[in-house]
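> Take a look at this one; I'll ask things after.
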Amino acid sequence: MEWLDRLNQAIGYIEKNLNNEIDYAQLARIACCSTFHFQRMFSYIANVPLSEYIRRRRMSAAAFELQNCDSKIIDLSLKYGYESPTAFNRAFQNVHGISPSAARAQGVSLKAYPRINFQITIKGDVEMNYRIEKKEAFRIVGVMEHLDMTVEESMKRVPQFWTETFQNGMFEVICKLSDQKPCGVLGVSTCMNGKDFDYYIACATDRKAPENTVEHVIPAATWAIFECVGPMPQAIQELQKRVVTEWLPTSGYEYADAPDIEVYPEGDTLSQNYKSEIWLPVVKKA
């Protein structure tokens, strides 16, 4: 399966560069998607964030060198991308539970994290309701947070951003703007290049942008739109994982160069019957 081959090629790139800088943009190019999509896809499939996987692999290699070579700790810290022996020592202890100097002793217990090899069994035992829809470009208005951090760090920040938007009254302002499809409040992720990550809480609208809001144009695209039923945020998080690991590999589509959108209509978001949507930008595989 071409999709799996690309993922395993990306893992190969990581392995070759454990003692060099690992370029997330290059990983994304190998996997034929954006850096944002690659990081999120990796964490869903591997059940570990990309940055944590790289750290574990580097510390596994470092532990092997400590026990089999006479390399100085300061040299190993530089070799595996740490600016100081202190930072290297902290990362090593987080993985192995002991200091690098203690790891040289015979009989100590160390942890090894082998290279991942993707061989996914697609389950597909629970139905997913979706439709494919083309839509012209449309404008959104709302509030935006620019995050220059990894996807996993950004995902921790996003819920805080929603809470702040409720607390400062902007959520009510945004809700009144919705006047076109997709109807409801939107969570829009617009990280397409590099590691920068823009997240909007907004509505699709033709109305004038109120004070303290920003606007953004979602490009024309083809969307795979998935129905989500259940309480937030658990239901939509689980569906996102299933879309990436079960639907996308066998769909004949791949990620397109456009934002990801979550659609939250009015209603009780904690209800077992609450309905929301995931809009995934797609393009047919060549």
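Letters A, B, ... mark the chains of the structure tokens in the order given; residue numbers begin at 1 per chain; ligand numbers begin at 1, in order shown.
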Which polymer residues have any atom within 7 Å of an atom of segment 39-48 of chain A, counting only C-alpha atoms, with same-chain residues fewer than 3 positions away left out, as a count of residues only?
8
> Please identify which residues in segment 41-271 of chain A DSSP calls strand (DSSP E) from the backbone, and express them as a VMD selection string.
chain A and resid 130 to 135 138 to 147 185 to 189 197 to 204 214 to 218 221 to 229 253 to 255 260 to 264
> Between atom CA of Ile225 of chain A and atom CA of Ser271 of chain A, what is the distance, to one decimal in Å?
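Taking atom CA of Ile225 of chain A as the start and atom CA of Ser271 of chain A as the end point, the length is 21.0 Å.
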> If we count only C-alpha atoms, what is near segment 161-174 of chain A at a cut-off of 10 Å, once residues fewer than 3 positions away on the same chain are taken out, given as a VMD selection string?
chain A and resid 140 to 145 156 to 158 177 to 178 184 to 187 199 to 205 209 to 213
> Export N, CA and C atoms of the chosen residues as a PDB file, in the first residue's frame?

```
ATOM      1  N   ILE A 140     -14.384  33.241   6.602  1.00  0.00           N
ATOM      2  CA  ILE A 140     -14.735  33.052   8.006  1.00  0.00           C
ATOM      3  C   ILE A 140     -14.291  34.278   8.801  1.00  0.00           C
ATOM      4  N   VAL A 141     -15.025  34.552   9.877  1.00  0.00           N
ATOM      5  CA  VAL A 141     -14.700  35.669  10.758  1.00  0.00           C
ATOM      6  C   VAL A 141     -14.746  35.156  12.194  1.00  0.00           C
ATOM      7  N   GLY A 142     -13.745  35.530  12.971  1.00  0.00           N
ATOM      8  CA  GLY A 142     -13.716  35.098  14.362  1.00  0.00           C
ATOM      9  C   GLY A 142     -12.436  35.542  15.044  1.00  0.00           C
ATOM     10  N   VAL A 143     -11.940  34.709  15.935  1.00  0.00           N
ATOM     11  CA  VAL A 143     -10.692  34.994  16.640  1.00  0.00           C
ATOM     12  C   VAL A 143      -9.658  33.950  16.245  1.00  0.00           C
ATOM     13  N   MET A 144      -8.395  34.344  16.327  1.00  0.00           N
ATOM     14  CA  MET A 144      -7.327  33.471  15.852  1.00  0.00           C
ATOM     15  C   MET A 144      -6.174  33.457  16.839  1.00  0.00           C
ATOM     16  N   GLU A 145      -5.568  32.294  16.999  1.00  0.00           N
ATOM     17  CA  GLU A 145      -4.366  32.147  17.809  1.00  0.00           C
ATOM     18  C   GLU A 145      -3.270  31.582  16.919  1.00  0.00           C
ATOM     19  N   LYS A 156      -2.682  21.047  23.053  1.00  0.00           N
ATOM     20  CA  LYS A 156      -2.908  21.335  24.470  1.00  0.00           C
ATOM     21  C   LYS A 156      -3.361  22.791  24.659  1.00  0.00           C
ATOM     22  N   ARG A 157      -2.895  23.651  23.777  1.00  0.00           N
ATOM     23  CA  ARG A 157      -3.227  25.068  23.866  1.00  0.00           C
ATOM     24  C   ARG A 157      -4.630  25.361  23.346  1.00  0.00           C
ATOM     25  N   VAL A 158      -5.086  24.615  22.332  1.00  0.00           N
ATOM     26  CA  VAL A 158      -6.372  24.900  21.697  1.00  0.00           C
ATOM     27  C   VAL A 158      -7.545  24.881  22.688  1.00  0.00           C
ATOM     28  N   LEU A 177     -22.624  35.599  13.934  1.00  0.00           N
ATOM     29  CA  LEU A 177     -22.161  35.884  12.574  1.00  0.00           C
ATOM     30  C   LEU A 177     -22.578  34.833  11.567  1.00  0.00           C
ATOM     31  N   SER A 178     -22.838  33.610  12.010  1.00  0.00           N
ATOM     32  CA  SER A 178     -23.079  32.494  11.093  1.00  0.00           C
ATOM     33  C   SER A 178     -24.283  32.761  10.194  1.00  0.00           C
ATOM     34  N   GLY A 184     -22.817  27.012  12.033  1.00  0.00           N
ATOM     35  CA  GLY A 184     -22.348  26.752  13.383  1.00  0.00           C
ATOM     36  C   GLY A 184     -21.004  27.400  13.613  1.00  0.00           C
ATOM     37  N   VAL A 185     -20.435  27.137  14.780  1.00  0.00           N
ATOM     38  CA  VAL A 185     -19.110  27.658  15.110  1.00  0.00           C
ATOM     39  C   VAL A 185     -18.066  26.671  14.605  1.00  0.00           C
ATOM     40  N   LEU A 186     -17.028  27.188  13.990  1.00  0.00           N
ATOM     41  CA  LEU A 186     -16.004  26.362  13.365  1.00  0.00           C
ATOM     42  C   LEU A 186     -14.692  26.418  14.136  1.00  0.00           C
ATOM     43  N   GLY A 187     -14.043  25.272  14.244  1.00  0.00           N
ATOM     44  CA  GLY A 187     -12.660  25.208  14.692  1.00  0.00           C
ATOM     45  C   GLY A 187     -11.812  24.914  13.471  1.00  0.00           C
ATOM     46  N   TYR A 199      -4.948  28.717  14.437  1.00  0.00           N
ATOM     47  CA  TYR A 199      -6.215  28.088  14.800  1.00  0.00           C
ATOM     48  C   TYR A 199      -7.272  29.173  14.965  1.00  0.00           C
ATOM     49  N   TYR A 200      -8.388  29.018  14.260  1.00  0.00           N
ATOM     50  CA  TYR A 200      -9.482  29.981  14.301  1.00  0.00           C
ATOM     51  C   TYR A 200     -10.696  29.378  15.007  1.00  0.00           C
ATOM     52  N   ILE A 201     -11.343  30.188  15.808  1.00  0.00           N
ATOM     53  CA  ILE A 201     -12.697  29.921  16.286  1.00  0.00           C
ATOM     54  C   ILE A 201     -13.551  30.949  15.571  1.00  0.00           C
ATOM     55  N   ALA A 202     -14.382  30.507  14.652  1.00  0.00           N
ATOM     56  CA  ALA A 202     -14.997  31.458  13.717  1.00  0.00           C
ATOM     57  C   ALA A 202     -16.302  30.908  13.155  1.00  0.00           C
ATOM     58  N   CYS A 203     -16.942  31.728  12.321  1.00  0.00           N
ATOM     59  CA  CYS A 203     -18.139  31.318  11.591  1.00  0.00           C
ATOM     60  C   CYS A 203     -17.992  31.682  10.123  1.00  0.00           C
ATOM     61  N   ALA A 204     -18.639  30.905   9.261  1.00  0.00           N
ATOM     62  CA  ALA A 204     -18.707  31.251   7.848  1.00  0.00           C
ATOM     63  C   ALA A 204     -19.747  32.356   7.691  1.00  0.00           C
ATOM     64  N   THR A 205     -19.340  33.466   7.088  1.00  0.00           N
ATOM     65  CA  THR A 205     -20.238  34.614   7.053  1.00  0.00           C
ATOM     66  C   THR A 205     -19.874  35.601   5.952  1.00  0.00           C
ATOM     67  N   ALA A 209     -16.930  42.158   9.707  1.00  0.00           N
ATOM     68  CA  ALA A 209     -16.169  41.650  10.839  1.00  0.00           C
ATOM     69  C   ALA A 209     -16.270  42.617  12.014  1.00  0.00           C
ATOM     70  N   PRO A 210     -16.762  42.167  13.177  1.00  0.00           N
ATOM     71  CA  PRO A 210     -16.846  43.035  14.354  1.00  0.00           C
ATOM     72  C   PRO A 210     -15.454  43.406  14.874  1.00  0.00           C
ATOM     73  N   GLU A 211     -15.433  44.353  15.776  1.00  0.00           N
ATOM     74  CA  GLU A 211     -14.187  44.773  16.406  1.00  0.00           C
ATOM     75  C   GLU A 211     -13.555  43.586  17.137  1.00  0.00           C
ATOM     76  N   ASN A 212     -12.240  43.539  17.093  1.00  0.00           N
ATOM     77  CA  ASN A 212     -11.450  42.494  17.769  1.00  0.00           C
ATOM     78  C   ASN A 212     -11.594  41.113  17.138  1.00  0.00           C
ATOM     79  N   THR A 213     -12.039  41.082  15.877  1.00  0.00           N
ATOM     80  CA  THR A 213     -12.079  39.817  15.155  1.00  0.00           C
ATOM     81  C   THR A 213     -11.163  39.889  13.937  1.00  0.00           C
TER      82      THR A 213
END
```
> I need the residues in segment 68-126 of chain A that are alpha helix (DSSP H) according to DSSP; give them as number ranges by chain.
A: 68, 73-79, 85-96
> Please save N, CA and C atoms of the selected residues as a PDB file, in the first residue's frame.

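part05.pdb written:
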```
ATOM      1  N   ASN A  68      28.694   0.792  25.127  1.00  0.00           N
ATOM      2  CA  ASN A  68      29.582   0.078  24.206  1.00  0.00           C
ATOM      3  C   ASN A  68      30.736   0.915  23.675  1.00  0.00           C
ATOM      4  N   ILE A  73      30.065  12.244  27.541  1.00  0.00           N
ATOM      5  CA  ILE A  73      28.661  12.643  27.623  1.00  0.00           C
ATOM      6  C   ILE A  73      28.432  13.971  26.907  1.00  0.00           C
ATOM      7  N   ILE A  74      29.375  14.890  27.013  1.00  0.00           N
ATOM      8  CA  ILE A  74      29.223  16.183  26.344  1.00  0.00           C
ATOM      9  C   ILE A  74      29.195  15.998  24.824  1.00  0.00           C
ATOM     10  N   ASP A  75      29.972  15.036  24.327  1.00  0.00           N
ATOM     11  CA  ASP A  75      29.971  14.775  22.883  1.00  0.00           C
ATOM     12  C   ASP A  75      28.656  14.139  22.438  1.00  0.00           C
ATOM     13  N   LEU A  76      28.128  13.226  23.277  1.00  0.00           N
ATOM     14  CA  LEU A  76      26.855  12.592  22.941  1.00  0.00           C
ATOM     15  C   LEU A  76      25.708  13.600  22.968  1.00  0.00           C
ATOM     16  N   SER A  77      25.777  14.538  23.891  1.00  0.00           N
ATOM     17  CA  SER A  77      24.703  15.533  23.974  1.00  0.00           C
ATOM     18  C   SER A  77      24.651  16.362  22.696  1.00  0.00           C
ATOM     19  N   LEU A  78      25.814  16.721  22.167  1.00  0.00           N
ATOM     20  CA  LEU A  78      25.854  17.480  20.918  1.00  0.00           C
ATOM     21  C   LEU A  78      25.463  16.602  19.736  1.00  0.00           C
ATOM     22  N   LYS A  79      25.895  15.355  19.757  1.00  0.00           N
ATOM     23  CA  LYS A  79      25.612  14.432  18.658  1.00  0.00           C
ATOM     24  C   LYS A  79      24.120  14.230  18.473  1.00  0.00           C
ATOM     25  N   PRO A  85      24.991  19.407  28.139  1.00  0.00           N
ATOM     26  CA  PRO A  85      24.908  18.124  28.843  1.00  0.00           C
ATOM     27  C   PRO A  85      23.748  18.082  29.831  1.00  0.00           C
ATOM     28  N   THR A  86      23.368  19.241  30.377  1.00  0.00           N
ATOM     29  CA  THR A  86      22.242  19.284  31.325  1.00  0.00           C
ATOM     30  C   THR A  86      20.942  18.892  30.648  1.00  0.00           C
ATOM     31  N   ALA A  87      20.704  19.447  29.454  1.00  0.00           N
ATOM     32  CA  ALA A  87      19.482  19.112  28.714  1.00  0.00           C
ATOM     33  C   ALA A  87      19.490  17.647  28.291  1.00  0.00           C
ATOM     34  N   PHE A  88      20.655  17.161  27.869  1.00  0.00           N
ATOM     35  CA  PHE A  88      20.788  15.760  27.487  1.00  0.00           C
ATOM     36  C   PHE A  88      20.542  14.849  28.692  1.00  0.00           C
ATOM     37  N   ASN A  89      21.111  15.210  29.826  1.00  0.00           N
ATOM     38  CA  ASN A  89      20.946  14.426  31.048  1.00  0.00           C
ATOM     39  C   ASN A  89      19.469  14.331  31.438  1.00  0.00           C
ATOM     40  N   ARG A  90      18.759  15.458  31.320  1.00  0.00           N
ATOM     41  CA  ARG A  90      17.336  15.486  31.669  1.00  0.00           C
ATOM     42  C   ARG A  90      16.520  14.590  30.733  1.00  0.00           C
ATOM     43  N   ALA A  91      16.794  14.675  29.441  1.00  0.00           N
ATOM     44  CA  ALA A  91      16.072  13.839  28.476  1.00  0.00           C
ATOM     45  C   ALA A  91      16.384  12.355  28.693  1.00  0.00           C
ATOM     46  N   PHE A  92      17.633  12.051  28.972  1.00  0.00           N
ATOM     47  CA  PHE A  92      18.048  10.663  29.190  1.00  0.00           C
ATOM     48  C   PHE A  92      17.352  10.078  30.418  1.00  0.00           C
ATOM     49  N   GLN A  93      17.318  10.857  31.500  1.00  0.00           N
ATOM     50  CA  GLN A  93      16.673  10.377  32.722  1.00  0.00           C
ATOM     51  C   GLN A  93      15.167  10.210  32.526  1.00  0.00           C
ATOM     52  N   ASN A  94      14.554  11.065  31.740  1.00  0.00           N
ATOM     53  CA  ASN A  94      13.114  10.942  31.482  1.00  0.00           C
ATOM     54  C   ASN A  94      12.782   9.638  30.768  1.00  0.00           C
ATOM     55  N   VAL A  95      13.695   9.165  29.935  1.00  0.00           N
ATOM     56  CA  VAL A  95      13.464   7.933  29.196  1.00  0.00           C
ATOM     57  C   VAL A  95      13.903   6.702  29.993  1.00  0.00           C
ATOM     58  N   HIS A  96      15.094   6.763  30.576  1.00  0.00           N
ATOM     59  CA  HIS A  96      15.683   5.568  31.186  1.00  0.00           C
ATOM     60  C   HIS A  96      15.564   5.521  32.713  1.00  0.00           C
TER      61      HIS A  96
END
```
> In Å, rounded to a single decimal, give me how far atom CA of Phe138 of chain A is from atom CA of Trp279 of chain A.
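The value is 13.8 Å.
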> Between A:Asn117, A:Ser34, A:Ala28, A:Leu66, which residue has the minimum interatomic distance to Glu15 of chain A, considering only C-alpha atoms?
A:Asn117
> Counting only C-alpha atoms, which residues of segment 5-118 of chain A sit at most 9 Å from some atom of segment 251-268 of chain A, and what is each one's closest atom pair with its distance in Å to one decimal, listed by chain and rising residue number, as JSON lines?

```
{"residue": "A:Cys32", "atom": "CA", "partner": "A:Tyr255", "partner_atom": "CA", "distance": 8.2}
{"residue": "A:Cys33", "atom": "CA", "partner": "A:Tyr255", "partner_atom": "CA", "distance": 6.1}
{"residue": "A:Ser34", "atom": "CA", "partner": "A:Asp257", "partner_atom": "CA", "distance": 7.3}
{"residue": "A:His37", "atom": "CA", "partner": "A:Tyr255", "partner_atom": "CA", "distance": 7.7}
```
> Excluding Asn19 of chain A and its own-chain neighbours fewer than 5 positions away, which residues fall within 12 Å of it when counting only C-alpha atoms? Please give them as a count of residues only.
18
> Neighbouring residues of Ala31 of chain A were defined as those with any atom within 7 Å, considering only C-alpha atoms; residues of the same chain fewer than 4 positions away were excluded. Please report them as a VMD selection string.
chain A and resid 6 to 7 10 27
> Just to be explicit: take each residue in the selection above, keep C-alpha atoms, and write the result as an mmCIF file, in the first residue's frame.

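As a result, selection.cif now contains:
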```
data_model
loop_
_atom_site.group_PDB
_atom_site.id
_atom_site.type_symbol
_atom_site.label_atom_id
_atom_site.label_comp_id
_atom_site.auth_asym_id
_atom_site.auth_seq_id
_atom_site.Cartn_x
_atom_site.Cartn_y
_atom_site.Cartn_z
ATOM 1 C CA ARG A 6 5.490 6.602 2.397
ATOM 2 C CA LEU A 7 5.097 6.450 6.178
ATOM 3 C CA ALA A 10 9.571 8.838 6.593
ATOM 4 C CA LEU A 27 9.149 14.233 6.684
#
```
